[in-house]
file run.txt (compact mmCIF, C-alpha atoms (C1' of nucleotides))
# COMPACT_ATOMS: atom_id res chain seq x y z
CA MET A 8 0.00 0.00 0.00
CA PRO A 9 2.88 2.44 0.40
CA ASP A 10 3.66 2.55 -3.27
CA VAL A 11 0.33 3.69 -4.51
CA VAL A 12 1.94 6.60 -6.28
CA GLY A 13 4.71 4.51 -7.70
CA GLY A 14 2.41 1.60 -8.35
CA ALA A 15 0.21 3.83 -10.41
CA SER A 16 3.18 4.56 -12.62
CA GLY A 17 1.00 4.28 -15.67
CA LEU A 18 -0.96 7.17 -14.30
CA GLY A 19 1.56 9.28 -12.47
CA ALA A 20 3.72 9.97 -15.49
CA GLY A 21 2.21 13.39 -15.88
CA GLY A 22 5.35 15.22 -14.80
CA GLY A 23 4.78 14.97 -11.06
CA HIS A 24 7.36 12.69 -9.47
CA ASP A 25 7.81 13.43 -5.81
CA ALA A 26 6.18 16.81 -6.22
CA ASP A 27 3.09 14.79 -5.45
CA LEU A 28 4.57 13.77 -2.12
CA LEU A 29 5.51 17.35 -1.32
CA ALA A 30 2.02 18.57 -2.11
CA GLY A 31 0.61 15.62 -0.23
CA ALA A 32 2.52 16.59 2.89
CA VAL A 33 1.08 20.10 2.65
CA PHE A 34 -2.44 18.75 2.18
CA ALA A 35 -2.06 16.39 5.12
CA ALA A 36 -0.71 19.23 7.24
CA LEU A 37 -3.65 21.48 6.40
CA ALA A 38 -6.23 18.73 6.74
CA ASP A 39 -6.42 19.13 10.52
CA PRO A 40 -8.51 22.06 11.82
CA THR A 41 -6.20 22.63 14.77
CA ARG A 42 -3.24 22.83 12.44
CA ARG A 43 -5.09 25.29 10.23
CA ALA A 44 -5.76 27.44 13.29
CA VAL A 45 -2.07 27.28 14.16
CA VAL A 46 -1.10 28.31 10.65
CA ARG A 47 -3.57 31.17 10.64
CA GLU A 48 -2.23 32.39 13.95
CA LEU A 49 1.32 32.11 12.65
CA SER A 50 0.31 34.18 9.64
CA ARG A 51 -0.62 37.04 11.96
CA GLN A 52 2.32 37.05 14.34
CA PRO A 53 5.83 37.04 12.89
CA THR A 54 6.99 34.37 15.36
CA THR A 55 5.46 32.51 18.30
CA THR A 56 6.22 29.78 20.78
CA ALA A 57 4.40 26.54 21.40
CA THR A 58 3.28 27.64 24.86
CA ALA A 59 1.89 30.92 23.57
CA LEU A 60 -0.11 29.04 20.95
CA ALA A 61 -1.35 26.54 23.52
CA ALA A 62 -2.63 29.44 25.62
CA GLU A 63 -4.97 30.46 22.80
CA LEU A 64 -6.04 26.98 21.79
CA PRO A 65 -8.09 24.46 23.75
CA ILE A 66 -5.33 21.85 23.72
CA SER A 67 -2.16 21.17 25.65
CA ARG A 68 1.28 22.53 24.86
CA GLN A 69 2.55 19.11 23.84
CA ALA A 70 -0.24 18.68 21.34
CA VAL A 71 0.67 22.04 19.81
CA ALA A 72 4.31 20.99 19.70
CA LYS A 73 3.37 17.84 17.82
CA HIS A 74 1.43 19.86 15.29
CA LEU A 75 4.31 22.28 14.89
CA ASN A 76 6.68 19.38 14.31
CA LEU A 77 4.41 18.01 11.64
CA LEU A 78 4.14 21.43 10.02
CA ALA A 79 7.93 21.69 10.12
CA GLY A 80 8.10 18.29 8.44
CA ALA A 81 5.95 19.64 5.64
CA GLY A 82 8.26 22.65 5.37
CA LEU A 83 5.55 25.08 6.36
CA VAL A 84 7.27 26.19 9.55
CA ALA A 85 10.86 26.94 10.57
CA THR A 86 12.21 26.92 14.10
CA GLU A 87 14.87 29.02 15.76
CA ARG A 88 15.97 28.94 19.36
CA ALA A 89 16.08 32.15 21.37
CA GLY A 90 17.46 31.44 24.79
CA ARG A 91 15.30 28.90 26.52
CA GLU A 92 12.41 29.20 24.13
CA THR A 93 12.02 28.02 20.54
CA ARG A 94 10.21 30.41 18.25
CA TYR A 95 8.30 29.21 15.22
CA ARG A 96 8.11 31.14 11.98
CA LEU A 97 5.80 30.49 9.04
CA THR A 98 7.49 29.55 5.76
CA PRO A 99 4.70 29.49 3.19
CA ASP A 100 6.85 28.41 0.25
CA PRO A 101 5.51 24.83 0.11
CA LEU A 102 2.04 26.27 -0.34
CA GLU A 103 3.13 27.14 -3.83
CA GLN A 104 3.82 23.48 -4.59
CA ALA A 105 0.38 22.52 -3.39
CA VAL A 106 -1.27 25.26 -5.42
CA ARG A 107 0.65 24.08 -8.46
CA TRP A 108 -0.62 20.54 -7.95
CA MET A 109 -4.21 21.73 -7.84
CA THR A 110 -4.01 24.10 -10.75
CA GLU A 111 -2.31 21.37 -12.77
CA VAL A 112 -5.07 18.89 -12.10
CA GLY A 113 -7.79 21.45 -12.60
CA GLY A 114 -6.16 22.78 -15.73
CA GLN A 115 -5.79 19.34 -17.24
CA TRP A 116 -9.42 18.71 -16.57
CA ASP A 117 -10.42 22.01 -18.15
CA ARG A 118 -8.45 21.14 -21.26
CA ARG A 119 -10.11 17.74 -21.35
CA LEU A 120 -13.47 19.39 -20.96
CA GLU A 121 -12.81 21.81 -23.78
CA ARG A 122 -11.69 18.99 -26.02
CA LEU A 123 -14.86 17.10 -25.26
CA ARG A 124 -16.95 20.20 -25.94
CA ARG A 125 -15.25 20.62 -29.30
CA HIS A 126 -15.85 16.98 -30.11
CA VAL A 127 -19.53 17.33 -29.32
CA ALA A 128 -19.80 20.48 -31.39
CA GLU A 129 -18.52 18.96 -34.60
CA MET B 27 -12.35 19.30 20.36
CA PRO B 28 -14.78 19.64 17.48
CA ASP B 29 -15.10 23.38 17.86
CA VAL B 30 -11.48 24.23 17.50
CA VAL B 31 -12.25 26.65 14.74
CA GLY B 32 -15.13 28.20 16.59
CA GLY B 33 -13.31 28.00 19.88
CA ALA B 34 -10.49 29.96 18.38
CA SER B 35 -12.97 32.67 17.57
CA GLY B 36 -10.55 35.30 18.68
CA LEU B 37 -8.29 34.09 15.94
CA GLY B 38 -10.62 32.97 13.20
CA ALA B 39 -12.20 36.35 12.69
CA GLY B 40 -10.05 36.97 9.65
CA GLY B 41 -12.91 36.78 7.21
CA GLY B 42 -13.02 33.00 6.85
CA HIS B 43 -16.25 31.64 8.33
CA ASP B 44 -17.01 28.18 7.08
CA ALA B 45 -14.80 28.72 4.10
CA ASP B 46 -12.24 27.17 6.38
CA LEU B 47 -14.34 24.03 6.62
CA LEU B 48 -14.76 23.91 2.86
CA ALA B 49 -11.05 24.26 2.28
CA GLY B 50 -10.43 21.78 5.07
CA ALA B 51 -12.58 19.18 3.35
CA VAL B 52 -10.56 19.67 0.18
CA PHE B 53 -7.28 19.35 2.06
CA ALA B 54 -8.46 16.21 3.83
CA ALA B 55 -9.61 14.77 0.52
CA LEU B 56 -6.24 15.40 -1.13
CA ALA B 57 -4.23 14.26 1.87
CA ASP B 58 -4.50 10.60 0.90
CA PRO B 59 -2.16 9.41 -1.88
CA THR B 60 -4.73 7.00 -3.26
CA ARG B 61 -7.26 9.78 -3.50
CA ARG B 62 -4.74 11.97 -5.27
CA ALA B 63 -4.16 9.17 -7.77
CA VAL B 64 -7.91 8.91 -8.28
CA VAL B 65 -8.19 12.64 -8.84
CA ARG B 66 -5.29 12.65 -11.28
CA GLU B 67 -6.87 9.81 -13.21
CA LEU B 68 -10.19 11.61 -13.23
CA SER B 69 -8.45 14.67 -14.60
CA ARG B 70 -7.39 12.66 -17.65
CA GLN B 71 -10.59 10.82 -18.47
CA PRO B 72 -13.80 12.81 -18.73
CA THR B 73 -15.72 10.22 -16.70
CA THR B 74 -14.94 6.83 -15.15
CA THR B 75 -16.46 4.14 -13.02
CA ALA B 76 -15.30 2.79 -9.69
CA THR B 77 -14.51 -0.61 -11.18
CA ALA B 78 -12.43 0.89 -13.96
CA LEU B 79 -10.44 2.85 -11.40
CA ALA B 80 -10.01 -0.21 -9.21
CA ALA B 81 -8.56 -2.06 -12.20
CA GLU B 82 -5.71 0.45 -12.39
CA LEU B 83 -5.12 0.78 -8.68
CA PRO B 84 -3.81 -1.83 -6.23
CA ILE B 85 -6.95 -1.71 -4.09
CA SER B 86 -10.43 -3.16 -4.23
CA ARG B 87 -13.45 -1.65 -5.87
CA GLN B 88 -15.11 -0.93 -2.53
CA ALA B 89 -12.10 1.00 -1.33
CA VAL B 90 -12.21 3.12 -4.48
CA ALA B 91 -15.92 3.67 -3.96
CA LYS B 92 -15.27 4.90 -0.44
CA HIS B 93 -12.68 7.33 -1.71
CA LEU B 94 -15.05 8.54 -4.41
CA ASN B 95 -17.77 9.09 -1.82
CA LEU B 96 -15.40 11.15 0.27
CA LEU B 97 -14.35 13.15 -2.77
CA ALA B 98 -18.01 13.72 -3.58
CA GLY B 99 -18.52 14.90 -0.02
CA ALA B 100 -15.81 17.47 -0.56
CA GLY B 101 -17.53 18.52 -3.79
CA LEU B 102 -14.61 17.45 -5.94
CA VAL B 103 -16.55 14.78 -7.79
CA ALA B 104 -20.07 14.45 -9.19
CA THR B 105 -21.89 11.22 -9.98
CA GLU B 106 -24.36 10.31 -12.70
CA ARG B 107 -25.91 6.96 -13.39
CA ALA B 108 -25.74 5.51 -16.87
CA GLY B 109 -27.67 2.28 -16.96
CA ARG B 110 -26.21 -0.16 -14.50
CA GLU B 111 -23.03 1.80 -13.93
CA THR B 112 -22.41 5.07 -12.13
CA ARG B 113 -19.94 7.36 -13.79
CA TYR B 114 -17.85 9.83 -11.83
CA ARG B 115 -16.89 13.25 -13.14
CA LEU B 116 -14.33 15.65 -11.70
CA THR B 117 -15.70 18.99 -10.48
CA PRO B 118 -12.61 21.04 -9.62
CA ASP B 119 -14.48 24.12 -8.37
CA PRO B 120 -13.74 23.52 -4.67
CA LEU B 121 -10.05 23.59 -5.51
CA GLU B 122 -10.47 27.31 -5.96
CA GLN B 123 -11.65 27.67 -2.37
CA ALA B 124 -8.62 25.78 -1.12
CA VAL B 125 -6.27 27.87 -3.23
CA ARG B 126 -7.89 31.00 -1.87
CA TRP B 127 -7.32 29.79 1.71
CA MET B 128 -3.64 29.25 1.04
CA THR B 129 -3.02 32.46 -0.84
CA GLU B 130 -4.83 34.33 1.92
CA VAL B 131 -2.64 32.88 4.63
CA GLY B 132 0.51 33.26 2.57
CA GLY B 133 -0.41 36.77 1.58
CA GLN B 134 -1.15 37.83 5.12
CA TRP B 135 2.21 36.50 6.14
CA ASP B 136 3.96 38.31 3.33
CA ARG B 137 2.34 41.55 4.39
CA ARG B 138 3.38 40.92 7.97
CA LEU B 139 6.89 40.21 6.75
CA GLU B 140 7.05 43.40 4.72
CA ARG B 141 5.80 45.40 7.67
CA LEU B 142 8.46 43.88 9.85
CA ARG B 143 11.10 44.58 7.24
CA ARG B 144 10.02 48.20 7.07
CA HIS B 145 10.08 48.45 10.84
CA VAL B 146 13.63 47.12 10.91
CA ALA B 147 14.71 49.50 8.17
CA GLU B 148 13.64 52.65 9.97
C1' DT C 22 -35.89 -16.22 -18.12
C1' DA C 23 -31.23 -17.47 -16.65
C1' DG C 24 -26.79 -15.76 -16.21
C1' DA C 25 -23.15 -12.22 -16.11
C1' DC C 26 -21.79 -7.73 -14.72
C1' DT C 27 -22.21 -3.46 -11.92
C1' DA C 28 -23.05 -1.13 -7.77
C1' DG C 29 -24.35 -0.53 -2.82
C1' DC C 30 -24.47 -1.94 2.08
C1' DA C 31 -22.65 -3.88 6.41
C1' DA C 32 -19.50 -5.89 9.42
C1' DC C 33 -15.05 -6.46 10.50
C1' DC C 34 -9.35 -5.80 11.15
C1' DC C 35 -5.67 -2.89 11.95
C1' DT C 36 -3.04 0.97 11.54
C1' DT C 37 -2.63 5.92 12.11
C1' DG C 38 -3.09 10.08 14.46
C1' DA C 39 -4.76 13.53 17.81
C1' DG C 40 -4.61 14.23 22.52
C1' DT C 41 -3.30 13.39 27.21
C1' DT C 42 -0.20 12.82 31.44
C1' DG C 43 4.27 12.33 33.62
C1' DC C 44 8.94 13.16 33.94
C1' DA C 45 13.64 14.94 32.95
C1' DC C 46 16.74 18.55 31.18
C1' DG C 47 18.65 23.23 29.77
C1' DA C 48 18.16 28.29 30.49
C1' DA C 49 16.92 32.58 33.43
C1' DT C 50 16.08 34.72 37.57
C1' DC C 51 16.42 35.52 42.48
C1' DG D 29 23.21 27.75 44.10
C1' DA D 30 18.12 26.98 44.32
C1' DT D 31 14.04 27.88 41.88
C1' DT D 32 11.24 28.77 38.21
C1' DC D 33 10.09 28.71 33.39
C1' DG D 34 10.04 26.66 28.83
C1' DT D 35 11.11 22.35 26.06
C1' DG D 36 11.62 17.83 24.83
C1' DC D 37 10.88 12.87 25.17
C1' DA D 38 8.21 8.67 26.21
C1' DA D 39 4.29 5.92 27.22
C1' DC D 40 -0.51 5.55 26.98
C1' DT D 41 -5.67 6.03 25.59
C1' DC D 42 -9.08 6.39 22.20
C1' DA D 43 -11.40 7.47 18.11
C1' DA D 44 -11.08 7.81 13.04
C1' DG D 45 -9.86 6.13 8.65
C1' DG D 46 -8.15 3.00 4.94
C1' DG D 47 -8.79 -1.58 3.45
C1' DT D 48 -10.84 -6.04 3.24
C1' DT D 49 -14.50 -9.77 2.66
C1' DG D 50 -19.27 -11.21 2.17
C1' DC D 51 -23.70 -10.58 0.72
C1' DT D 52 -27.82 -8.38 -1.66
C1' DA D 53 -29.98 -5.86 -5.31
C1' DG D 54 -30.42 -3.88 -9.88
C1' DT D 55 -29.41 -3.90 -15.06
C1' DC D 56 -28.06 -5.63 -19.41
C1' DT D 57 -27.55 -9.64 -22.59
C1' DA D 58 -27.81 -14.20 -24.59

call {"tool": "encode", "arguments": {"input": "run.txt", "output": "structure tokens"}}
result
Amino acid sequence: MPDVVGGASGLGAGGGHDADLLAGAVFAALADPTRRAVVRELSRQPTTTATALAAELPISRQAVAKHLNLLAGAGLVATERAGRETRYRLTPDPLEQAVRWMTEVGGQWDRRLERLRRHVAE
Amino acid sequence: MPDVVGGASGLGAGGGHDADLLAGAVFAALADPTRRAVVRELSRQPTTTATALAAELPISRQAVAKHLNLLAGAGLVATERAGRETRYRLTPDPLEQAVRWMTEVGGQWDRRLERLRRHVAE
DNA sequence: TAGACTAGCAACCCTTGAGTTGCACGAATC
DNA sequence: GATTCGTGCAACTCAAGGGTTGCTAGTCTA
């Protein structure tokens, strides 16, 4: 089951190799409502700590830390230590990858749709 | 835990009401690699059936059907019966909502970054 | 009408993931 | 130097989700 992408090689040849995995990590990261709240909050403040976030969310500090780790794994967040606290900064670059994935799929479908429309018209 | 978004009302006031839920459904739908493969395949063929998809994927027909139901729940797929088979068609409109969510967050962060940069410069 | 093909429903594993608590360690403060 | 504050790590619970098998029902065809 882990090689669904690779196993579907006949399908996945459309240019996306591991870009799919990158986009997938972003999608998985943004699939959780708590994580979306964290990201939104990070988009407002330049940097924050896990404890500060936990103070504004109905979950524990450790839960927030887990989410931040996952976000860091997806490349959406960067960490930097400042004394005894670690501050988290939003790095929205991977969002671009995800957007590209979606526009690619949507665009391909639009092209297919237009082709079908033309075929019906003739 | 289910009202994380609402509970974070102090945060979520940035214009997104249930648009967050819509985008969240899209993200959750695209978080699974199998579902991404299904979507990519649907972007190539105008319509398909669950059995046809199952023939090209390493999973059973019922698993594909579940994924298609979830995609339909997110509004990414529409169904139409044709005789004894149900054909699935891609409806990429919700992708736009998701893209808007991401660009909004990214844009807000960019603005915040620029403001910070200006503040440092002076 | 009998048989093949398609889809839908339900019950059932088993893994993942979100969340918790508890504890131990480095950094500031007094 | 002792204490507090902020993190990090580990173990654990519990619900959700991906996948399977088995069966039933509808539709086309021979």

call {"tool": "residues_around", "arguments": {"input": "run.txt", "residues": "segment 71-85 of chain B", "least_positions_apart": "6", "cutoff": "6 Å", "atoms": "only C-alpha atoms (C1' of nucleotides)", "output": "PyMOL selection string"}}
result
chain B and resi 91+113-115

call {"tool": "closest_residue", "arguments": {"input": "run.txt", "among": "B:Arg126, B:Arg66, B:Arg107, B:Arg144", "to": "chain A", "atoms": "only C-alpha atoms"}}
result
B:Arg66

call {"tool": "residues_around", "arguments": {"input": "run.txt", "residues": "DC33 of chain D", "least_positions_apart": "6", "cutoff": "10 Å", "atoms": "only C-alpha atoms (C1' of nucleotides)", "output": "PyMOL selection string"}}
result
(chain A and resi 91-92) or (chain C and resi 48-50)

call {"tool": "closest_atom_pairs", "arguments": {"input": "run.txt", "of": "chain B", "to": "chain D", "cutoff": "10 Å", "atoms": "only C-alpha atoms (C1' of nucleotides)", "output": "Markdown table"}}
result
| residue | atom | partner | partner_atom | distance |
| --- | --- | --- | --- | --- |
| B:Asp58 | CA | D:DG46 | C1' | 9.3 |
| B:Thr60 | CA | D:DG46 | C1' | 9.7 |
| B:Ile85 | CA | D:DG47 | C1' | 7.8 |
| B:Ser86 | CA | D:DG47 | C1' | 8.0 |
| B:Gln88 | CA | D:DG47 | C1' | 8.7 |
| B:Ala89 | CA | D:DG47 | C1' | 6.4 |
| B:Val90 | CA | D:DG47 | C1' | 9.8 |
| B:Lys92 | CA | D:DG46 | C1' | 9.1 |
| B:His93 | CA | D:DG46 | C1' | 9.1 |
| B:Gly109 | CA | D:DT55 | C1' | 6.7 |
| B:Arg110 | CA | D:DT55 | C1' | 5.0 |
| B:Glu111 | CA | D:DT55 | C1' | 8.6 |

call {"tool": "closest_atom_pairs", "arguments": {"input": "run.txt", "of": "chain A", "to": "chain B", "cutoff": "7 Å", "atoms": "all atoms listed in the file", "output": "tab-separated table"}}
result
residue	atom	partner	partner_atom	distance
A:Val11	CA	B:Thr60	CA	6.2
A:Val12	CA	B:Pro59	CA	6.6
A:Ala15	CA	B:Leu83	CA	6.4
A:Leu18	CA	B:Glu67	CA	6.6
A:Gly31	CA	B:Ala57	CA	5.4
A:Phe34	CA	B:Ala57	CA	4.8
A:Ala35	CA	B:Ala57	CA	4.5
A:Leu37	CA	B:Phe53	CA	6.0
A:Ala38	CA	B:Ala54	CA	4.4
A:Pro40	CA	B:Val31	CA	6.6
A:Thr41	CA	B:Val30	CA	6.2
A:Ala44	CA	B:Val31	CA	6.7
A:Arg47	CA	B:Val131	CA	6.3
A:Glu48	CA	B:Leu37	CA	6.6
A:Ser50	CA	B:Trp135	CA	4.6
A:Arg51	CA	B:Trp135	CA	6.5
A:Pro53	CA	B:Arg138	CA	6.7
A:Leu64	CA	B:Ala34	CA	6.3
A:Pro99	CA	B:Gly132	CA	5.7
A:Leu102	CA	B:Met128	CA	6.6
A:Val106	CA	B:Val125	CA	6.1
A:Met109	CA	B:Leu121	CA	6.6
A:Val112	CA	B:Ser69	CA	6.0
A:Gly113	CA	B:Pro118	CA	5.7
A:Gln115	CA	B:Ser69	CA	6.0
A:Trp116	CA	B:Ser69	CA	4.6
A:Arg119	CA	B:Pro72	CA	6.7
A:Leu120	CA	B:Pro72	CA	7.0

call {"tool": "interface_residues", "arguments": {"input": "run.txt", "of": "chain C", "to": "chain A", "cutoff": "12 Å", "atoms": "all atoms listed in the file", "output": "JSON list (two decimals) with C-alpha atoms (C1' of nucleotides), in the coordinates of the input"}}
result
[["chain", "number", "residue", "atom", "x", "y", "z"],
["C", 36, "DT", "C1'", -3.04, 0.97, 11.54],
["C", 38, "DG", "C1'", -3.09, 10.08, 14.46],
["C", 39, "DA", "C1'", -4.76, 13.53, 17.81],
["C", 40, "DG", "C1'", -4.61, 14.23, 22.52],
["C", 41, "DT", "C1'", -3.30, 13.39, 27.21],
["C", 42, "DT", "C1'", -0.20, 12.82, 31.44],
["C", 46, "DC", "C1'", 16.74, 18.55, 31.18],
["C", 47, "DG", "C1'", 18.65, 23.23, 29.77],
["C", 48, "DA", "C1'", 18.16, 28.29, 30.49],
["C", 49, "DA", "C1'", 16.92, 32.58, 33.43]]

call {"tool": "atom_distance", "arguments": {"input": "run.txt", "atom1": "atom CA of Ala81 of chain A", "atom2": "atom CA of Gly101 of chain B"}}
result
25.3 Å

call {"tool": "atom_distance", "arguments": {"input": "run.txt", "atom1": "atom CA of Gly99 of chain B", "atom2": "atom CA of Ala79 of chain A"}}
result
29.1 Å

call {"tool": "atom_distance", "arguments": {"input": "run.txt", "atom1": "atom CA of Val84 of chain A", "atom2": "atom CA of Leu96 of chain B"}}
result
28.7 Å

call {"tool": "decode", "arguments": {"input": "run.txt", "residues": "segment 30-46 of chain D", "atoms": "C-alpha atoms (C1' of nucleotides)", "output": "PDB file, in the first residue's frame"}}
result
ATOM      1  C1'  DA D  30      18.121  26.982  44.325  1.00  0.00           C
ATOM      2  C1'  DT D  31      14.041  27.882  41.879  1.00  0.00           C
ATOM      3  C1'  DT D  32      11.239  28.768  38.211  1.00  0.00           C
ATOM      4  C1'  DC D  33      10.088  28.707  33.394  1.00  0.00           C
ATOM      5  C1'  DG D  34      10.041  26.663  28.830  1.00  0.00           C
ATOM      6  C1'  DT D  35      11.110  22.350  26.057  1.00  0.00           C
ATOM      7  C1'  DG D  36      11.616  17.829  24.828  1.00  0.00           C
ATOM      8  C1'  DC D  37      10.878  12.866  25.172  1.00  0.00           C
ATOM      9  C1'  DA D  38       8.208   8.673  26.206  1.00  0.00           C
ATOM     10  C1'  DA D  39       4.290   5.919  27.222  1.00  0.00           C
ATOM     11  C1'  DC D  40      -0.513   5.546  26.977  1.00  0.00           C
ATOM     12  C1'  DT D  41      -5.665   6.034  25.590  1.00  0.00           C
ATOM     13  C1'  DC D  42      -9.075   6.389  22.196  1.00  0.00           C
ATOM     14  C1'  DA D  43     -11.404   7.475  18.111  1.00  0.00           C
ATOM     15  C1'  DA D  44     -11.078   7.815  13.044  1.00  0.00           C
ATOM     16  C1'  DG D  45      -9.856   6.133   8.646  1.00  0.00           C
ATOM     17  C1'  DG D  46      -8.153   3.005   4.939  1.00  0.00           C
TER      18       DG D  46
END
